[in-house]
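Report on the structure given below.
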Amino acid sequence: MACIGSVFISTSVYSLTNKTGRESLAKFYRDTLLDNVLPFWTKYGFDPIHGGMLTALDRDGSLLDSDKSIWFQGRTAWMYATACQTYGEQSTWRSIAASCLQFIEQHGVAENGKLWFTVTQDGRPLRMRRYVYSEAFAAVGNAAMFGLTREEPYQQAAARYLANYLYYSFTPGMIAPKTEPATRSLRSIGPLMFSLHTASIVMDYLGDITVGDKHCSDWIQWSIEQIERYFVKRDLRVLMENVGEQGEIVDHFDGRQLNPGHAIECAWFLLHEARRNDDQKLQSLGCEILDWMWERGWDEKFGGIFYFRDLHNRPVQEYWQDMKFWWPHCEALITTLLAFSLTGNPKYAQWHEQLRKWSFDHFADQEHGEWYGYLHRDGSPSVQLKGNMWKGPYHLPRMLWYCEQLLNENHFAQKV
């Protein structure tokens, strides 16, 4: 590993098949997180005047837009509270996490109880979106902060936001459909992935509490069953994004469109639960999905993971379909490492190292730190910003943290 300033460059090759290689790779991920990525957001993103996190930052950390996304307040709180619990509490990290959650409570809640998507820097409302993902991130942020502080208001907020997410997402009629149901009704996998992962994190900190009409563990199992029933297509070797009401393929742009990185993220959510419960059947499902979507998503010519593909390899509607976004690569790094840790299959170790090298060679900014978010197909930056309403201190630091924790755990020794 070489370093230019505070920026880590992926020049070394790490062998996951031996303890020394795993320890070296764990150090690479930890150093990149603690000496590069978190310092970037701590220095440039935190708003000491109005509170919360600003994410629309240029390459050098200068501010491009002062509006704030509410969902990033929850995401940021989760990341900084998690960092405190993992690496030792730092007053700055704790203050940022608390500030983000306070910003949500003071400025994020609309009159109808839903959370805004974007607000101004000082918290005046701008945009409400139809989905309720902000609520899911508020739930995990508060859960992690409760884990850090054991303060009851965070516990109550985590349970409340999870309940709101589940109520709006799965109560018929609460979220306006994208298409007229009488003409074409679609199921989307996204809400189920969020219910699975959010309930899992809340359960880690609050225990198997009852939310709505189910325990967290029941919501996790129900989400997995729904994903497998409607979206897993073994005959086509694919995990679908959108299907008809009965799980049928809808032969239109939206119905055929695949997002390999999103599907691979779903695979690691499944593998995480398989690991938690020593569930071999679920482990096999997660690995199947990873195999299918890696095959469909990896760009053999230029490297990296395509953003969109078509089920039948026909043209995709969205013009950014062949770009390389930062977050699918982060999700796939987690998934390949998790799959290797569970199975010992050297294929997953090779995929992880292949992807790690490509990602750090192309996304990492060698001068100012952090990652670019959006690359052309050939790996050159499309735009040099470091954040916007979708990119901030979450996918990249979460990947660095999760991979380091996984590499430092002893169960690798059982497989390799």
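So you can find residues: chains in the structure tokens are A, B, ... in the order shown, residues in each start at 1, and ligands are numbered from 1 in order.
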(request) Please return as a PyMOL selection string: the residues of range 246-368 of chain A that backbone DSSP assigns to alpha helix (DSSP H). (result) chain A and resi 253-256+260-277+280-297+326-343+346-362
Within 6 Å of range 366-382 of chain A, which residues of range 14-126 of chain A come that close, and what is the closest atom pair and distance in Å for each? Count only C-alpha atoms and give it as JSON lines.
```
{"residue": "A:Asn36", "atom": "CA", "partner": "A:Gly369", "partner_atom": "CA", "distance": 5.9}
{"residue": "A:Val37", "atom": "CA", "partner": "A:Glu370", "partner_atom": "CA", "distance": 5.2}
{"residue": "A:Asp60", "atom": "CA", "partner": "A:His368", "partner_atom": "CA", "distance": 5.6}
```
(message) List the spatial neighbours of Ala159 in chain A as a list in words - criterion: any atom at most 9 Å away, only C-alpha atoms, same-chain residues fewer than 3 positions off excluded.
(response) Ala139, Asn142, Ala143, Tyr154, Gln155, Gln156, Leu162, Ala163, Asn164, Val202, Leu206, Ile209, Thr210 and Val211 of chain A
(message) I need the residue nearest Arg160 in chain A from this list: A:Val140, A:Val238, A:Ala176, A:Leu385. Use only C-alpha atoms for the distance.
(response) A:Val140
Closest pair table for range 53-82 of chain A residues within 12 Å of range 190-198 of chain A, only C-alpha atoms, as a tab-separated table:
```
residue	atom	partner	partner_atom	distance
A:Gly74	CA	A:Thr198	CA	11.8
A:Arg75	CA	A:Thr198	CA	11.5
A:Trp78	CA	A:Thr198	CA	11.5
```
Now that the selection is made, can you save its residues with all heavy atoms as a compact mmCIF listing (two decimals), in the first residue's frame?
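Saved to part.txt:
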```txt
# COMPACT_ATOMS: atom_id res chain seq x y z
N GLY A 74 -29.67 10.21 8.94
CA GLY A 74 -29.73 8.90 9.59
C GLY A 74 -28.55 8.03 9.23
O GLY A 74 -27.98 7.33 10.08
N ARG A 75 -28.18 8.04 7.95
CA ARG A 75 -27.03 7.25 7.51
C ARG A 75 -25.75 7.69 8.23
O ARG A 75 -24.95 6.86 8.69
CB ARG A 75 -26.83 7.42 6.00
CG ARG A 75 -27.87 6.77 5.12
CD ARG A 75 -27.57 7.08 3.67
NE ARG A 75 -28.42 6.34 2.77
CZ ARG A 75 -28.26 6.31 1.45
NH1 ARG A 75 -27.27 6.99 0.89
NH2 ARG A 75 -29.06 5.60 0.68
N TRP A 78 -25.65 6.61 11.85
CA TRP A 78 -25.29 5.19 11.98
C TRP A 78 -23.78 5.01 11.84
O TRP A 78 -23.16 4.30 12.64
CB TRP A 78 -26.01 4.34 10.92
CG TRP A 78 -25.57 2.92 10.99
CD1 TRP A 78 -26.08 1.94 11.78
CD2 TRP A 78 -24.48 2.31 10.26
NE1 TRP A 78 -25.38 0.76 11.61
CE2 TRP A 78 -24.40 0.97 10.68
CE3 TRP A 78 -23.59 2.79 9.32
CZ2 TRP A 78 -23.44 0.09 10.17
CZ3 TRP A 78 -22.62 1.92 8.81
CH2 TRP A 78 -22.56 0.58 9.23
```
(message) Using only C-alpha atoms, which protein or nucleic acid residues come within 10 Å of Pro393 in chain A? Drop anything in the same chain fewer than 2 positions from it, and give the result as a list in words.
(response) Val37, Leu38, Phe40, Trp41, Thr42, Gly45, Met53, Leu54, Thr55, Phe72, Gln73, Arg75, Thr76, Ala77, Trp78, Met79, Tyr80, Glu370, Lys386, Gly387, Trp390, Lys391, His395, Leu396, Pro397 and Arg398 of chain A
Export C-alpha atoms of the chosen residues as a compact mmCIF listing (two decimals), in the first residue's frame?
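Output below, filename selection_20.txt:
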```txt
# COMPACT_ATOMS: atom_id res chain seq x y z
CA VAL A 37 -12.68 8.75 4.39
CA LEU A 38 -14.04 9.68 7.82
CA PHE A 40 -12.84 13.98 4.81
CA TRP A 41 -16.48 14.05 5.92
CA THR A 42 -15.68 15.21 9.44
CA GLY A 45 -19.35 17.82 5.71
CA MET A 53 -24.33 16.74 7.60
CA LEU A 54 -23.83 18.52 4.28
CA THR A 55 -23.10 16.07 1.47
CA PHE A 72 -28.24 11.13 5.00
CA GLN A 73 -28.68 12.41 8.52
CA ARG A 75 -27.03 7.25 7.51
CA THR A 76 -24.34 9.53 8.93
CA ALA A 77 -25.52 8.96 12.49
CA TRP A 78 -25.29 5.19 11.98
CA MET A 79 -21.76 5.44 10.57
CA TYR A 80 -20.31 7.72 13.25
CA GLU A 370 -12.41 9.84 -0.64
CA LYS A 386 -17.51 13.67 -3.76
CA GLY A 387 -21.10 13.95 -2.65
CA TRP A 390 -27.25 10.26 -2.82
CA LYS A 391 -23.54 10.06 -2.06
CA HIS A 395 -21.67 3.21 1.34
CA LEU A 396 -17.89 3.64 1.19
CA PRO A 397 -17.18 3.89 4.94
CA ARG A 398 -19.71 1.14 5.66
```
(request) Tell me which of A:Ile249, A:Met240, A:Ile220, A:Leu25 sits closest to Ala349 in chain A, counting only C-alpha atoms. (result) A:Leu25
